[in-house]
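Below: work-v5.txt (compact mmCIF, C-alpha atoms and all ligand atoms)
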```
# COMPACT_ATOMS: atom_id res chain seq x y z
CA MET W 1 4.47 -8.20 6.77
CA ARG W 2 4.05 -4.83 5.09
CA GLN W 3 1.46 -2.64 6.80
CA LYS W 4 -1.46 -1.68 4.62
CA PRO W 5 -1.38 2.11 4.09
CA ASN W 6 -4.05 3.97 6.09
CA ILE W 7 -5.56 5.43 2.94
CA LEU W 8 -6.11 1.93 1.51
CA LYS W 9 -7.71 0.75 4.78
CA LEU W 10 -10.01 3.77 4.59
CA PHE W 11 -11.09 3.03 1.02
CA GLU W 12 -11.70 -0.62 1.90
CA ALA W 13 -13.85 0.36 4.88
CA LEU W 14 -15.92 2.71 2.69
CA ASP W 15 -16.26 0.24 -0.18
CA GLY W 16 -19.83 -1.13 -0.28
CA ARG W 17 -20.98 1.54 2.20
CA MET W 18 -21.02 4.48 -0.18
CA THR W 19 -21.07 5.11 -3.92
CA PHE W 20 -17.63 6.11 -5.11
CA THR W 21 -17.11 8.78 -7.76
CA LYS W 22 -15.02 7.95 -10.83
CA ASP W 23 -12.03 9.68 -9.20
CA ASP W 24 -12.54 7.71 -5.98
CA LEU W 25 -12.58 4.45 -7.95
CA GLU W 26 -9.39 5.39 -9.76
CA ASN W 27 -7.66 6.31 -6.51
CA PHE W 28 -8.88 3.15 -4.78
CA ASP W 29 -7.57 1.05 -7.67
CA LYS W 30 -4.24 2.89 -7.62
CA PHE W 31 -3.72 2.30 -3.87
CA LYS W 32 -4.79 -1.34 -4.13
CA ARG W 33 -2.49 -2.10 -7.03
CA GLY W 34 0.36 -0.11 -5.52
CA PHE W 35 0.15 -2.14 -2.33
CA GLU W 36 -0.06 -5.45 -4.22
CA ALA W 37 3.03 -4.52 -6.22
CA GLU W 38 4.96 -3.70 -3.06
CA VAL W 39 3.99 -6.99 -1.44
CA TRP W 40 5.00 -8.79 -4.64
CA ALA W 41 8.44 -7.19 -4.46
CA ASP W 42 8.77 -7.89 -0.71
CA LYS W 43 8.41 -11.61 -1.37
CA ARG W 44 11.37 -11.50 -3.74
CA PHE W 45 13.60 -9.59 -1.34
CA GLU W 46 12.72 -11.48 1.81
CA LYS W 47 14.67 -14.64 0.90
CA TYR W 48 18.02 -12.96 1.38
CA GLY W 49 18.13 -11.85 5.00
CA TRP W 50 18.70 -8.19 4.15
CA LEU W 51 17.28 -5.49 6.37
CA ILE W 52 14.18 -4.16 4.65
CA ILE W 53 12.28 -0.99 5.43
CA LYS W 54 8.84 -1.47 3.94
CA SER W 55 7.71 2.08 3.29
CA LEU W 56 9.39 5.08 4.85
CA THR W 57 7.53 8.37 5.07
CA PHE W 58 9.89 11.08 6.22
CA HIS W 59 9.88 14.78 6.93
CA LEU W 60 12.52 17.41 6.22
CA ASP W 61 12.52 20.86 7.80
CA GLY W 62 9.46 19.83 9.80
CA GLU W 63 7.34 19.10 6.74
CA TYR W 64 6.31 16.03 4.77
CA ALA W 65 9.11 15.34 2.28
CA CYS W 66 8.69 11.96 0.66
CA GLN W 67 7.45 8.39 0.89
CA ILE W 68 9.76 5.62 -0.28
CA ASP W 69 8.32 2.20 -1.06
CA THR W 70 11.23 -0.05 -0.14
CA ILE W 71 14.73 0.41 1.26
CA ILE W 72 17.15 -2.52 1.44
CA ILE W 73 20.16 -2.29 3.72
CA THR W 74 22.96 -4.73 3.05
CA GLY W 75 26.41 -4.86 4.65
CA ASP W 76 27.80 -2.39 2.16
CA ALA W 77 24.93 -0.58 0.47
CA ILE W 78 21.65 1.24 0.94
CA ILE W 79 19.28 0.56 -1.93
CA LEU W 80 16.15 2.56 -2.57
CA TYR W 81 13.28 1.29 -4.70
CA GLU W 82 10.25 2.99 -6.16
CA ILE W 83 7.87 0.12 -6.88
CA LYS W 84 5.44 0.60 -9.78
CA TYR W 85 2.37 -1.46 -10.59
CA TYR W 86 1.78 -0.18 -14.17
CA SER W 87 0.34 -2.96 -16.27
CA ARG W 88 -0.20 -1.54 -19.76
CA LYS W 89 1.81 -0.85 -22.87
CA SER W 90 3.09 2.71 -22.74
CA THR W 91 5.13 5.26 -24.63
CA ASP W 92 8.07 7.14 -23.18
CA ARG W 93 7.39 10.85 -23.76
CA GLY W 94 10.52 12.13 -22.07
CA ASP W 95 9.31 13.58 -18.82
CA ARG W 96 6.05 11.66 -18.97
CA ILE W 97 4.77 8.18 -19.71
CA GLN W 98 1.62 7.73 -21.77
CA TYR W 99 -0.62 4.67 -21.81
CA PHE W 100 -1.57 2.97 -25.07
CA SER W 101 -5.23 2.42 -25.92
CA GLY W 102 -5.29 -1.32 -26.34
CA ASP W 103 -2.44 -2.15 -28.72
CA GLU W 104 -2.20 1.32 -30.22
CA GLU W 105 -0.13 4.29 -29.21
CA ASN W 106 -2.43 7.08 -28.15
CA PRO W 107 -1.10 10.64 -28.21
CA ASN W 108 -4.17 11.75 -26.25
CA GLY W 109 -4.13 8.89 -23.76
CA PRO W 110 -3.72 9.36 -20.02
CA ASP W 111 -0.19 10.26 -19.05
CA PHE W 112 1.74 10.74 -15.84
CA LYS W 113 5.13 11.82 -14.59
CA HIS W 114 7.96 9.54 -15.66
CA PRO W 115 9.03 7.38 -12.71
CA ARG W 116 12.63 8.21 -13.57
CA LEU W 117 11.88 11.80 -12.49
CA GLN W 118 10.07 10.62 -9.39
CA LEU W 119 13.13 8.55 -8.54
CA LYS W 120 15.40 11.53 -9.07
CA GLU W 121 13.34 13.69 -6.73
CA ALA W 122 13.06 10.97 -4.10
CA THR W 123 16.82 10.38 -4.27
CA ILE W 124 17.63 14.05 -3.67
CA LYS W 125 15.38 14.15 -0.61
CA PHE W 126 16.59 10.81 0.71
CA LYS W 127 20.21 11.95 0.39
CA ARG W 128 19.34 15.02 2.44
CA LEU W 129 17.85 12.75 5.10
CA LEU W 130 20.94 10.52 5.15
CA THR W 131 23.23 13.53 5.46
CA LYS W 132 21.11 14.93 8.28
CA LEU W 133 21.47 11.60 10.12
CA GLY W 134 25.22 11.48 9.51
CA ILE W 135 24.95 8.47 7.17
CA SER W 136 27.22 8.36 4.13
CA THR W 137 25.46 8.66 0.76
CA GLU W 138 28.39 7.07 -1.05
CA ASN W 139 26.94 3.57 -1.25
CA LEU W 140 23.40 4.59 -2.10
CA LYS W 141 21.84 2.91 -5.15
CA THR W 142 18.42 3.79 -6.47
CA PHE W 143 16.01 1.96 -8.76
CA VAL W 144 12.48 1.93 -10.14
CA MET W 145 11.05 -1.58 -10.20
CA PHE W 146 8.10 -2.42 -12.46
CA THR W 147 6.36 -5.49 -11.09
CA HIS W 148 3.79 -6.24 -13.79
CA LYS W 149 4.68 -8.53 -16.68
CA ASP W 150 2.41 -6.67 -19.13
CA PHE W 151 4.05 -3.30 -18.63
CA VAL W 152 6.13 -2.40 -21.70
CA LEU W 153 7.72 0.98 -22.27
CA TYR W 154 8.17 1.82 -25.96
CA ASN W 155 10.39 4.49 -27.43
CA MET W 156 12.59 4.80 -24.40
CA LYS W 157 14.35 8.14 -24.62
CA GLU W 158 17.40 7.09 -22.70
CA TRP W 159 18.48 3.68 -21.59
CA SER W 160 19.06 3.54 -17.90
CA PHE W 161 20.04 0.77 -15.59
CA ASP W 162 17.96 2.22 -12.80
CA LEU W 163 14.73 0.97 -14.43
CA ILE W 164 14.09 -2.69 -13.68
CA PHE W 165 11.36 -4.37 -15.69
CA HIS W 166 9.43 -7.46 -14.61
CA SER W 167 11.60 -9.84 -16.63
CA GLU W 168 14.76 -8.44 -15.02
CA VAL W 169 13.68 -8.57 -11.38
CA ASP W 170 15.07 -12.04 -10.58
CA SER W 171 18.44 -11.41 -12.20
CA HIS W 172 18.66 -8.00 -10.52
CA ILE W 173 18.09 -9.55 -7.10
CA ASP W 174 20.46 -12.45 -7.78
CA GLU W 175 23.10 -9.96 -8.81
CA LEU W 176 22.49 -7.99 -5.63
CA ALA W 177 22.79 -11.15 -3.56
CA THR W 178 26.19 -12.01 -5.00
CA SER W 179 27.61 -8.50 -5.04
CA THR W 180 26.74 -7.26 -1.54
CA TYR W 181 27.72 -8.23 1.97
CA ARG W 182 25.39 -9.48 4.65
CA PRO W 183 24.12 -6.88 7.14
CA ASN W 184 26.53 -6.01 9.95
CA ALA W 185 26.37 -3.85 13.08
CA GLU W 186 26.59 -0.67 11.01
CA SER W 187 23.69 -1.85 8.82
CA TYR W 188 21.52 -2.31 11.93
CA ARG W 189 22.52 1.15 13.15
CA ILE W 190 21.44 2.69 9.81
CA TYR W 191 18.23 0.66 9.81
CA ASN W 192 17.27 1.90 13.27
CA LEU W 193 18.16 5.51 12.50
CA LEU W 194 15.96 5.45 9.40
CA LYS W 195 13.07 3.60 11.05
CA ALA W 196 13.00 6.30 13.72
CA GLN W 197 12.31 8.87 10.95
CA ASP W 198 9.13 7.13 9.80
CA HIS W 199 6.05 9.34 10.24
CA ASP W 200 2.55 8.01 10.36
CA THR W 201 0.58 9.60 7.53
CA SER W 202 -2.91 9.10 8.89
CA GLU W 203 -3.56 12.81 9.32
CA THR W 204 -2.89 13.76 5.71
CA MET W 205 -4.97 11.86 3.18
CA PRO W 206 -5.79 14.30 0.38
CA SER W 207 -7.34 11.67 -1.89
CA ALA W 208 -9.79 10.35 0.73
CA PRO W 209 -13.48 10.58 -0.25
CA LYS W 210 -15.74 12.81 1.89
CA TYR W 211 -18.04 10.84 4.17
CA ASN W 212 -19.99 10.94 7.40
CA TYR W 213 -21.80 8.38 9.52
CA GLU W 214 -25.31 9.24 8.34
CA MET W 215 -24.59 8.84 4.63
CA LEU W 216 -22.90 5.43 4.89
CA ARG W 217 -24.88 2.22 4.32
CA LYS W 218 -25.24 0.17 7.48
CA VAL W 219 -24.08 -3.23 6.26
CA VAL W 220 -21.66 -5.97 7.30
CA LYS W 221 -18.82 -7.26 5.16
CA CYS W 222 -16.78 -10.41 4.67
CA PRO W 223 -13.48 -10.22 6.61
CA GLU W 224 -11.81 -12.25 3.85
CA CYS W 225 -12.83 -10.49 0.64
CA GLY W 226 -14.65 -7.35 1.81
CA GLY W 227 -17.87 -8.24 -0.03
CA VAL W 228 -21.15 -7.09 1.51
CA ILE W 229 -23.10 -9.85 3.30
CA ARG W 230 -26.80 -9.15 2.99
CA GLU W 231 -28.22 -12.08 4.88
CA VAL W 232 -27.29 -13.93 8.01
CA PRO W 233 -29.75 -16.74 8.81
CA GLU W 234 -31.03 -16.68 12.37
CA LYS W 235 -29.60 -19.07 14.94
CA THR W 236 -26.49 -19.80 13.02
CA GLN W 237 -22.82 -19.52 13.97
CA LYS W 238 -21.35 -19.72 10.49
CA VAL W 239 -22.28 -18.19 7.20
CA ILE W 240 -20.90 -18.76 3.70
CA CYS W 241 -19.70 -15.60 1.97
CA PRO W 242 -21.67 -15.22 -1.30
CA HIS W 243 -18.63 -13.57 -2.92
CA CYS W 244 -15.62 -15.71 -1.96
CA SER W 245 -17.40 -18.82 -0.59
CA GLN W 246 -15.40 -18.72 2.65
CA LYS W 247 -17.08 -20.15 5.72
CA LEU W 248 -17.26 -17.22 8.13
CA ASN W 249 -17.71 -17.02 11.86
CA LEU W 250 -20.25 -14.39 12.95
CA ASN W 251 -17.86 -13.03 15.56
CA ASP W 252 -15.29 -12.38 12.84
CA ILE W 253 -17.86 -10.51 10.75
CA THR W 254 -18.79 -8.36 13.77
CA LYS W 255 -15.12 -7.71 14.46
CA LYS W 256 -14.62 -6.62 10.85
CA ALA W 257 -17.53 -4.17 11.16
CA LEU W 258 -16.02 -2.79 14.35
CA ASP W 259 -12.55 -2.49 12.79
CA ASP W 260 -14.02 -0.63 9.82
CA TYR W 261 -15.88 1.73 12.14
CA GLN W 262 -12.63 2.48 13.99
CA VAL W 263 -10.76 3.10 10.73
CA LEU W 264 -13.45 5.55 9.59
CA PHE W 265 -14.26 7.40 12.80
CA LYS W 266 -11.10 6.92 14.91
CA GLU W 267 -13.13 5.84 17.94
CA THR W 268 -14.83 2.79 19.40
CA PRO W 269 -18.62 2.83 18.95
CA THR W 270 -21.10 2.22 21.75
CA ILE W 271 -23.00 -1.09 21.69
CA GLU W 272 -26.07 0.72 20.28
CA LYS W 273 -24.00 2.35 17.57
CA LEU W 274 -22.29 -0.88 16.55
CA TYR W 275 -25.67 -2.64 16.47
CA GLU W 276 -26.95 0.04 14.12
CA TRP W 277 -23.69 0.07 12.10
CA CYS W 278 -24.18 -3.67 11.45
CA GLY W 279 -27.66 -2.95 10.07
CA GLY W 280 -29.24 -4.72 13.06
CA MET W 281 -27.91 -8.05 11.74
CA PHE W 282 -26.35 -9.11 15.02
CA SER W 283 -27.60 -9.10 18.58
CA LYS W 284 -26.51 -6.38 20.96
CA MET W 285 -24.87 -9.10 23.03
CA ARG W 286 -22.64 -10.04 20.09
CA CYS W 287 -21.82 -6.35 19.53
CA TYR W 288 -20.97 -5.99 23.22
CA ARG W 289 -18.63 -9.00 23.07
CA ALA W 290 -16.88 -7.64 19.97
CA ILE W 291 -16.23 -4.29 21.68
CA LEU W 292 -15.03 -6.06 24.82
CA ALA W 293 -12.66 -8.30 22.82
CA SER W 294 -11.20 -5.30 21.01
CA ARG W 295 -10.21 -3.74 24.33
CA GLN W 296 -8.16 -6.76 25.39
ZN ZN Q 1 -15.89 -13.15 1.12
```

Could you spell out this file's structure in structure tokens?
Amino acid sequence: MRQKPNILKLFEALDGRMTFTKDDLENFDKFKRGFEAEVWADKRFEKYGWLIIKSLTFHLDGEYACQIDTIIITGDAIILYEIKYYSRKSTDRGDRIQYFSGDEENPNGPDFKHPRLQLKEATIKFKRLLTKLGISTENLKTFVMFTHKDFVLYNMKEWSFDLIFHSEVDSHIDELATSTYRPNAESYRIYNLLKAQDHDTSETMPSAPKYNYEMLRKVVKCPECGGVIREVPEKTQKVICPHCSQKLNLNDITKKALDDYQVLFKETPTIEKLYEWCGGMFSKMRCYRAILASRQ
């Protein structure tokens, strides 16, 4: 399973507990869709028994250098993928990509750096990492994969085989499966060397909203869908989520509240604090048990 990025966990824990700004909402959406796209791609790769590094954040010269979404290691190749979730019609503007407005090109629409350039930059840094680790860069292949079927790029300035669109994903992977060898001892060596370079990114989250305990709403949320649960009838063990209709155990809801607290404040609350954090919805005994269970 791919680990959810810390920044996405943070946004999810804040969701429903504070009012997001427009920028926050855009960032939240970007992280959510980015993660979904990566998981979508993982499912396609996993069938083949390749070694897969699901997200590698590495440093060079002691500083953050780059985050790569997916690296596949076969018996004879290292393949780097930038996975993109874009889902709208767009125009290729050379160094940038610009979204349409509906079905129309829009010269004033939102635009962003062309993923081809992102791939180029990531490749340069990744090659430096490989060289530093004494791994040959000769069999490195690099691609951008677009996972959404509605993403279309019009007016492409240059045709390149390193861009893989939704409709080409299956044939690209089939082709990879027939043209590469199964992982061998050397592949495992490379995999382990690279994995050891992965840096946790929890300390640097520039797009995180500003928050503190006092300003956040004290509510509990569904562990399945994240929706806020406003009412828990007394003397009940189960409650139906009003958002996703899942039957939920009260202990699981308390655990979710505790997990969210830990994501946001990097510490375990006291029983009093957790009781308050849950908006007084659950007994202190239940809060105590949740804290106890989390320590085991
Ligand atoms: Zn739910």

Quiz item: Of the candidates W:Arg96, W:His59, W:Lys218, W:His243, which shows the shortest atom-to-atom distance to Met18 (chain W), using all atoms listed in the file?
Solution: W:Lys218

Which residues are near ligand ZN 1 (chain Q) - at most 8 Å, using only C-alpha atoms and all ligand atoms? Format: as a compact mmCIF listing (two decimals) with C-alpha atoms, keeping the file's coordinate frame.
```
# COMPACT_ATOMS: atom_id res chain seq x y z
CA LYS W 221 -18.82 -7.26 5.16
CA CYS W 222 -16.78 -10.41 4.67
CA PRO W 223 -13.48 -10.22 6.61
CA GLU W 224 -11.81 -12.25 3.85
CA CYS W 225 -12.83 -10.49 0.64
CA GLY W 226 -14.65 -7.35 1.81
CA GLY W 227 -17.87 -8.24 -0.03
CA ILE W 240 -20.90 -18.76 3.70
CA CYS W 241 -19.70 -15.60 1.97
CA PRO W 242 -21.67 -15.22 -1.30
CA HIS W 243 -18.63 -13.57 -2.92
CA CYS W 244 -15.62 -15.71 -1.96
CA SER W 245 -17.40 -18.82 -0.59
CA GLN W 246 -15.40 -18.72 2.65
```

Counting only C-alpha atoms, what is within 7 Å of Lys89 (chain W), bar same-chain residues fewer than 6 positions away, as a short mmCIF file (atom, residue, chain, number, x, y, z; two decimals) with C-alpha atoms, in the coordinates of the input?
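result.cif was written with the following content:
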```
data_model
loop_
_atom_site.label_atom_id
_atom_site.label_comp_id
_atom_site.auth_asym_id
_atom_site.auth_seq_id
_atom_site.Cartn_x
_atom_site.Cartn_y
_atom_site.Cartn_z
CA TYR W 99 -0.62 4.67 -21.81
CA PHE W 100 -1.57 2.97 -25.07
CA ASP W 150 2.41 -6.67 -19.13
CA PHE W 151 4.05 -3.30 -18.63
CA VAL W 152 6.13 -2.40 -21.70
CA LEU W 153 7.72 0.98 -22.27
#
```

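For the choices W:Lys149, W:Lys235, W:His114, W:Lys195, the atom-to-atom distance to Tyr85 (chain W) is smallest for W:Lys149 when using all atoms listed in the file.
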
Quiz item: For Pro110 (chain W), which residue among W:Val219, W:Ile97, W:Ala37, W:Leu163 is the nearest when counting all atoms listed in the file?
Solution: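 The answer is W:Ile97, which sits nearest to Pro110 (chain W).
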
Return as JSON the box centre and box size in Å, one decimal, for an axis-aligned box around all listed atoms of region 170-180 of chain W padded by 8 Å per side.
```
{"center_x": 21.3, "center_y": -9.9, "center_z": -6.9, "size_x": 28.5, "size_y": 21.2, "size_z": 26.7}
```
